[in-house]
$ cat target_4.cif   # mmCIF, C-alpha atoms
data_final
#
loop_
_atom_site.label_atom_id
_atom_site.label_comp_id
_atom_site.auth_asym_id
_atom_site.auth_seq_id
_atom_site.Cartn_x
_atom_site.Cartn_y
_atom_site.Cartn_z
CA MET A 1 -40.87 -20.99 8.15
CA THR A 2 -39.96 -18.00 6.03
CA ASN A 3 -42.44 -17.51 3.18
CA ARG A 4 -41.67 -15.78 -0.08
CA ARG A 5 -43.23 -12.47 1.00
CA THR A 6 -41.19 -12.41 4.22
CA PHE A 7 -38.04 -13.32 2.31
CA ILE A 8 -38.57 -10.49 -0.18
CA ALA A 9 -39.23 -8.05 2.66
CA GLN A 10 -36.09 -9.14 4.49
CA ALA A 11 -34.05 -8.97 1.31
CA GLY A 12 -35.34 -5.44 0.78
CA LEU A 13 -34.27 -4.43 4.27
CA ILE A 14 -30.81 -5.90 3.71
CA SER A 15 -30.48 -4.09 0.38
CA ALA A 16 -31.58 -0.85 1.97
CA GLY A 17 -29.08 -1.33 4.75
CA LEU A 18 -26.26 -1.81 2.29
CA ALA A 19 -27.39 1.24 0.36
CA LEU A 20 -27.23 3.29 3.56
CA ALA A 21 -23.94 1.71 4.66
CA PRO A 22 -22.06 0.57 1.54
CA GLU A 23 -18.92 0.09 3.62
CA LEU A 24 -20.53 -3.11 4.94
CA LEU A 25 -20.48 -4.52 1.44
CA MET A 26 -17.04 -3.10 0.67
CA ALA A 27 -15.58 -4.61 3.83
CA LYS A 28 -16.38 -8.02 2.41
CA THR A 29 -15.33 -7.46 -1.19
CA ASN A 30 -12.10 -5.64 -0.32
CA LYS A 31 -10.65 -8.61 1.53
CA VAL A 32 -8.50 -9.78 -1.35
CA ALA A 33 -4.75 -10.24 -1.60
CA GLY A 34 -2.68 -7.54 -3.25
CA LEU A 35 0.97 -7.63 -4.32
CA GLN A 36 3.44 -4.78 -4.54
CA LEU A 37 5.16 -5.55 -7.83
CA TYR A 38 8.49 -4.32 -6.45
CA SER A 39 8.68 -7.81 -4.96
CA LEU A 40 9.36 -9.10 -8.50
CA ARG A 41 11.63 -6.26 -9.65
CA ALA A 42 14.26 -8.73 -10.90
CA GLN A 43 11.74 -10.56 -13.09
CA LEU A 44 9.50 -7.80 -14.47
CA PRO A 45 11.91 -6.14 -16.93
CA LYS A 46 12.61 -9.53 -18.56
CA ASP A 47 9.01 -10.67 -19.12
CA VAL A 48 6.34 -8.30 -17.87
CA LYS A 49 3.47 -10.25 -19.45
CA GLY A 50 4.63 -13.57 -18.03
CA VAL A 51 5.16 -12.11 -14.57
CA ILE A 52 1.69 -10.57 -14.41
CA ALA A 53 0.15 -13.90 -15.46
CA LYS A 54 2.02 -15.66 -12.64
CA VAL A 55 0.93 -13.03 -10.11
CA ALA A 56 -2.70 -13.76 -10.96
CA GLN A 57 -2.07 -17.51 -10.81
CA ALA A 58 -0.62 -17.03 -7.30
CA GLY A 59 -4.02 -15.87 -6.04
CA TYR A 60 -3.72 -12.10 -6.19
CA LYS A 61 -6.53 -9.81 -7.31
CA GLU A 62 -4.77 -6.47 -6.85
CA VAL A 63 -1.33 -5.15 -7.70
CA GLU A 64 0.48 -2.03 -6.60
CA VAL A 65 2.76 -0.67 -9.30
CA TYR A 66 6.11 1.08 -9.03
CA GLY A 67 8.80 2.35 -11.35
CA TYR A 68 6.63 4.23 -13.87
CA SER A 69 8.34 6.63 -16.22
CA LYS A 70 6.80 8.81 -18.89
CA GLN A 71 9.38 7.52 -21.37
CA ASN A 72 9.27 3.78 -20.64
CA GLY A 73 5.83 3.39 -19.10
CA PHE A 74 5.55 0.18 -17.08
CA TRP A 75 8.44 -2.05 -18.15
CA GLY A 76 8.07 -1.01 -21.78
CA LEU A 77 4.27 -1.04 -21.84
CA SER A 78 2.21 2.13 -22.05
CA PRO A 79 -0.29 2.69 -19.24
CA VAL A 80 -3.09 1.73 -21.65
CA ASP A 81 -1.39 -1.54 -22.62
CA PHE A 82 -0.44 -2.33 -19.04
CA LYS A 83 -4.02 -1.73 -17.90
CA ALA A 84 -5.22 -4.12 -20.63
CA LEU A 85 -2.74 -6.73 -19.38
CA LEU A 86 -4.04 -6.42 -15.83
CA THR A 87 -7.63 -6.68 -17.01
CA GLN A 88 -6.79 -9.77 -19.06
CA HIS A 89 -5.72 -11.50 -15.84
CA GLY A 90 -8.52 -10.21 -13.60
CA LEU A 91 -6.29 -7.76 -11.74
CA THR A 92 -6.92 -4.21 -10.58
CA SER A 93 -4.47 -1.62 -9.27
CA PRO A 94 -5.69 0.48 -6.33
CA SER A 95 -2.37 2.22 -5.82
CA GLY A 96 0.97 3.02 -7.38
CA HIS A 97 4.30 4.12 -5.93
CA TYR A 98 5.51 7.22 -7.76
CA GLY A 99 8.77 9.08 -7.10
CA MET A 100 8.37 12.73 -6.10
CA ASP A 101 11.91 14.03 -5.64
CA LYS A 102 11.22 17.09 -7.79
CA LEU A 103 8.37 18.05 -5.49
CA LEU A 104 10.70 18.01 -2.49
CA GLU A 105 13.61 19.64 -4.28
CA THR A 106 11.92 22.48 -6.13
CA GLY A 107 8.19 22.22 -5.46
CA SER A 108 7.65 21.07 -9.06
CA MET A 109 4.46 19.11 -9.75
CA ASP A 110 5.79 17.54 -12.95
CA GLU A 111 6.28 14.05 -11.48
CA VAL A 112 3.00 14.32 -9.58
CA ASN A 113 1.17 15.18 -12.80
CA ASP A 114 2.80 12.24 -14.59
CA ALA A 115 1.63 9.98 -11.75
CA ILE A 116 -1.91 11.37 -11.98
CA ALA A 117 -1.99 10.71 -15.72
CA ALA A 118 -0.97 7.07 -15.16
CA ALA A 119 -3.41 6.74 -12.25
CA LYS A 120 -6.30 7.82 -14.47
CA VAL A 121 -5.55 5.04 -16.94
CA LEU A 122 -4.94 2.32 -14.35
CA GLY A 123 -7.92 3.27 -12.20
CA HIS A 124 -5.98 3.91 -9.00
CA THR A 125 -7.59 5.24 -5.87
CA TYR A 126 -4.22 6.26 -4.41
CA VAL A 127 -1.13 8.02 -5.72
CA THR A 128 1.45 6.93 -3.16
CA MET A 129 4.76 8.53 -2.19
CA PRO A 130 7.06 5.56 -1.57
CA TYR A 131 10.28 7.02 -0.16
CA ILE A 132 12.05 10.24 0.80
CA ASN A 133 15.75 10.56 0.05
CA ILE A 134 17.92 11.22 3.09
CA LYS A 135 19.12 14.52 1.63
CA PHE A 136 15.63 15.96 2.15
CA ARG A 137 15.21 14.92 5.82
CA LYS A 138 18.35 15.83 7.78
CA THR A 139 16.88 18.41 10.17
CA ALA A 140 13.62 19.29 11.91
CA ALA A 141 13.29 22.20 9.48
CA ASP A 142 13.59 19.73 6.61
CA ILE A 143 10.76 17.67 8.07
CA LYS A 144 8.56 20.76 8.39
CA ASN A 145 9.27 21.51 4.72
CA ILE A 146 8.38 17.94 3.72
CA VAL A 147 5.02 18.16 5.50
CA ALA A 148 4.19 21.44 3.75
CA LYS A 149 5.05 20.11 0.31
CA VAL A 150 3.25 16.82 0.86
CA ASN A 151 0.13 18.74 1.86
CA THR A 152 0.38 20.82 -1.31
CA ALA A 153 0.73 17.68 -3.42
CA ALA A 154 -2.14 15.98 -1.57
CA ALA A 155 -4.46 18.90 -2.37
CA HIS A 156 -3.36 18.80 -6.01
CA ILE A 157 -3.94 15.03 -6.20
CA LYS A 158 -7.35 15.33 -4.53
CA LYS A 159 -8.40 17.99 -7.03
CA ALA A 160 -7.56 15.48 -9.77
CA GLY A 161 -9.92 12.93 -8.19
CA PHE A 162 -7.45 10.74 -6.29
CA LYS A 163 -6.05 10.41 -2.79
CA MET A 164 -2.43 10.79 -1.86
CA ALA A 165 -0.93 8.13 0.40
CA TYR A 166 2.41 7.88 2.14
CA HIS A 167 4.39 4.64 2.47
CA ASN A 168 6.88 4.37 5.33
CA HIS A 169 10.16 2.66 6.05
CA ASP A 170 11.76 2.82 9.52
CA PHE A 171 13.50 6.19 9.25
CA GLU A 172 10.18 8.05 9.65
CA LEU A 173 10.01 6.66 13.18
CA ILE A 174 13.54 7.68 14.19
CA PRO A 175 13.70 11.13 15.88
CA VAL A 176 15.44 13.96 14.05
CA GLU A 177 16.14 16.91 16.33
CA GLY A 178 13.33 15.77 18.61
CA VAL A 179 10.66 15.11 15.97
CA THR A 180 9.73 12.13 13.83
CA LEU A 181 8.61 12.44 10.23
CA TYR A 182 5.76 9.95 10.69
CA GLU A 183 4.22 11.85 13.60
CA GLU A 184 4.63 15.19 11.86
CA LEU A 185 2.98 13.92 8.66
CA LEU A 186 0.06 12.41 10.57
CA LYS A 187 -0.67 15.38 12.80
CA GLY A 188 0.20 17.93 10.11
CA SER A 189 -2.23 16.60 7.49
CA LYS A 190 -6.00 16.29 7.36
CA PRO A 191 -7.91 13.00 7.36
CA GLY A 192 -9.34 12.49 3.90
CA MET A 193 -6.52 14.51 2.34
CA LEU A 194 -3.53 12.27 3.07
CA ASP A 195 -3.85 8.55 3.77
CA PHE A 196 -1.11 6.23 4.99
CA GLU A 197 0.10 2.91 3.68
CA MET A 198 1.68 1.36 6.76
CA ASP A 199 4.52 -1.01 6.02
CA LEU A 200 4.04 -3.34 8.98
CA TYR A 201 7.51 -4.87 8.76
CA TRP A 202 9.26 -1.50 8.99
CA VAL A 203 7.07 -0.29 11.86
CA VAL A 204 7.76 -3.45 13.86
CA ARG A 205 11.46 -3.36 12.99
CA ALA A 206 11.61 0.19 14.34
CA GLY A 207 10.27 -1.12 17.67
CA ASN A 208 6.78 0.34 17.26
CA ASP A 209 3.37 -1.30 17.69
CA PRO A 210 1.13 -0.72 14.63
CA VAL A 211 -2.00 -0.96 16.79
CA GLU A 212 -0.82 1.95 18.94
CA TRP A 213 -0.63 4.08 15.80
CA PHE A 214 -4.15 2.92 14.85
CA LYS A 215 -5.38 4.05 18.26
CA LYS A 216 -3.67 7.42 18.00
CA TYR A 217 -4.76 8.17 14.44
CA PRO A 218 -7.81 5.99 13.74
CA GLY A 219 -8.91 5.52 10.16
CA ARG A 220 -5.76 6.98 8.59
CA PHE A 221 -4.13 3.70 7.52
CA THR A 222 -6.18 2.63 4.50
CA MET A 223 -3.47 0.35 3.09
CA VAL A 224 -0.91 -1.93 4.70
CA HIS A 225 2.13 -3.71 3.35
CA VAL A 226 1.91 -7.25 4.65
CA LYS A 227 5.60 -8.02 4.94
CA ASP A 228 6.92 -10.59 7.40
CA MET A 229 10.21 -10.56 9.31
CA ASP A 230 12.66 -13.46 9.31
CA LYS A 231 12.86 -14.96 12.80
CA GLN A 232 16.65 -15.34 12.73
CA ASP A 233 17.60 -12.08 11.00
CA ASN A 234 15.28 -9.09 11.31
CA LYS A 235 16.96 -7.44 8.33
CA LEU A 236 15.45 -10.09 6.07
CA ASN A 237 11.89 -10.74 4.95
CA THR A 238 10.14 -14.08 4.77
CA GLU A 239 6.84 -15.50 3.56
CA VAL A 240 3.74 -14.15 5.31
CA GLY A 241 2.96 -16.35 8.32
CA SER A 242 6.49 -17.75 8.55
CA GLY A 243 8.08 -14.88 10.42
CA SER A 244 7.79 -12.91 13.64
CA VAL A 245 5.23 -10.21 12.78
CA ASN A 246 1.99 -10.85 14.68
CA PHE A 247 -0.43 -10.11 11.84
CA LYS A 248 -3.43 -11.65 13.60
CA GLN A 249 -3.10 -9.25 16.51
CA ILE A 250 -2.63 -6.30 14.16
CA PHE A 251 -5.52 -7.21 11.86
CA ALA A 252 -7.84 -7.62 14.84
CA SER A 253 -7.73 -3.80 14.85
CA SER A 254 -8.07 -3.39 11.08
CA LYS A 255 -11.35 -1.45 11.35
CA LEU A 256 -9.78 0.93 13.84
CA GLY A 257 -6.86 1.52 11.51
CA GLY A 258 -9.13 1.91 8.49
CA ILE A 259 -7.45 -0.84 6.45
CA LYS A 260 -9.03 -1.43 3.04
CA HIS A 261 -6.17 -2.99 1.07
CA TYR A 262 -3.77 -5.74 2.18
CA ILE A 263 -0.71 -5.69 -0.06
CA VAL A 264 2.01 -8.32 0.23
CA GLU A 265 5.56 -7.14 -0.32
CA GLN A 266 8.75 -9.14 0.02
CA GLU A 267 12.10 -7.57 -0.76
CA ASN A 268 14.33 -10.66 -0.56
CA PHE A 269 13.77 -14.39 -0.99
CA LYS A 270 15.33 -17.64 0.19
CA ILE A 271 13.04 -19.72 -2.03
CA ASP A 272 11.70 -19.32 -5.56
CA PRO A 273 9.92 -15.93 -5.69
CA TYR A 274 6.81 -17.36 -7.37
CA VAL A 275 6.51 -20.13 -4.79
CA SER A 276 7.01 -17.47 -2.12
CA ILE A 277 4.32 -15.06 -3.30
CA ALA A 278 1.84 -17.95 -3.70
CA GLN A 279 2.56 -19.12 -0.15
CA SER A 280 2.07 -15.59 1.19
CA SER A 281 -1.17 -15.12 -0.72
CA LYS A 282 -2.57 -18.40 0.54
CA TYR A 283 -1.73 -17.61 4.17
CA LEU A 284 -3.09 -14.09 3.94
CA LEU A 285 -6.40 -15.23 2.46
CA ASN A 286 -6.91 -18.39 4.50
CA ASN A 287 -5.50 -17.43 7.88
CA LEU A 288 -5.69 -13.64 8.17
CA LEU A 289 -8.60 -12.42 6.05
CA SER A 290 -11.04 -15.33 6.18
#
$ encode --input "target_4.cif" --output "structure tokens"
Amino acid sequence: MTNRRTFIAQAGLISAGLALAPELLMAKTNKVAGLQLYSLRAQLPKDVKGVIAKVAQAGYKEVEVYGYSKQNGFWGLSPVDFKALLTQHGLTSPSGHYGMDKLLETGSMDEVNDAIAAAKVLGHTYVTMPYINIKFRKTAADIKNIVAKVNTAAAHIKKAGFKMAYHNHDFELIPVEGVTLYEELLKGSKPGMLDFEMDLYWVVRAGNDPVEWFKKYPGRFTMVHVKDMDKQDNKLNTEVGSGSVNFKQIFASSKLGGIKHYIVEQENFKIDPYVSIAQSSKYLLNNLLS
């Protein structure tokens, strides 16, 4: 039988172990459901406060923002007011998607600096580049230019106390003059300087295996978009667990990939969006992260 002295000693050893390896504790606490708010882009401009309340009610603890502008903030709310709204509903925001066209066009850091300012208020860990316009990625030389500018931005963002992340679609995996943007970004950037938010749907749709990328570049994929693929039409999304993406197989390698945040995103719906996001949250928590 364990006596009180033995219990205290064992508890001390456990505490010491967690102090030496805090990732053991974080691995447990980070397994929450996140939602990319782009999923509710039709609803947010009409009633931002009501939408955020429903996101929390659907079982989410994290949200990833998008669409910030210096003029309009987040759907009419300043970053300070939006942060207060998230806090009111027990939500945090580890990441935001921020447009960076000016960076790619002229090298300007104006949009990056605006993103950093919002990130400071919201408490982000990541400032994430969500998309690259086709006009910037037509040739292999263009891709080389993108990598150079992303590295410059990543260093700037790190100096400000954040990490830069890159979110993919499928075009990054399609060769352009013999090179792919995804490969060039991964091999042309340093671990710890640029992280990757792998959109699992787009990787699978492009005919790639996410786990093979984890094996090739372990630890680089600190966020994933948990987006399922409709079984009848691969151009459509569906609720997590209802489609053809094998999340269980992918998440069995989550430590290899470095996944810390699991963020649901759905771009189109056949059912009520709020019913949909609740169904996805429930499946993610009960069947994939438990």
$ resolve_selection --input "target_4.cif" --expression "the PyMOL selection byres ((chain A and resi 282-285) around 8)" --output "PyMOL selection string"
chain A and resi 31-33+59+240-241+278-281+286-290
$ resolve_selection --input "target_4.cif" --expression "the PyMOL selection byres ((chain A and resi 255-269) around 6)" --output "PyMOL selection string"
chain A and resi 33-36+39+214+218-219+221-227+253-254+270-271
$ closest_residue --input "target_4.cif" --among "A:Asn208, A:Asp272, A:Asp101, A:Val55" --to "Ile174 (chain A)" --atoms "all atoms listed in the file"
A:Asn208
$ atom_distance --input "target_4.cif" --atom1 "CA of Ala118 (chain A)" --atom2 "CA of Tyr38 (chain A)"
17.2 Å
$ closest_residue --input "target_4.cif" --among "A:Thr128, A:Asn151, A:Thr92, A:Gln232" --to "Met193 (chain A)" --atoms "all atoms listed in the file"
A:Asn151
$ resolve_selection --input "target_4.cif" --expression "the PyMOL selection byres ((chain A and resi 141) around 12)" --output "ChimeraX atom specification"
/A:136-140,142-148,176-181,184
$ atom_distance --input "target_4.cif" --atom1 "CA of Leu103 (chain A)" --atom2 "CA of Val204 (chain A)"
28.9 Å
$ atom_distance --input "target_4.cif" --atom1 "CA of Phe247 (chain A)" --atom2 "CA of Glu64 (chain A)"
20.2 Å
$ closest_residue --input "target_4.cif" --among "A:Val65, A:Ala252, A:Leu236, A:Met100" --to "Gly123 (chain A)" --atoms "only C-alpha atoms"
A:Val65
$ closest_residue --input "target_4.cif" --among "A:Asp209, A:Glu105, A:Glu197, A:Glu62" --to "Pro130 (chain A)" --atoms "all atoms listed in the file"
A:Glu197
$ closest_residue --input "target_4.cif" --among "A:Gly207, A:Gly90, A:Pro79, A:Gly161" --to "Val121 (chain A)" --atoms "only C-alpha atoms"
A:Pro79
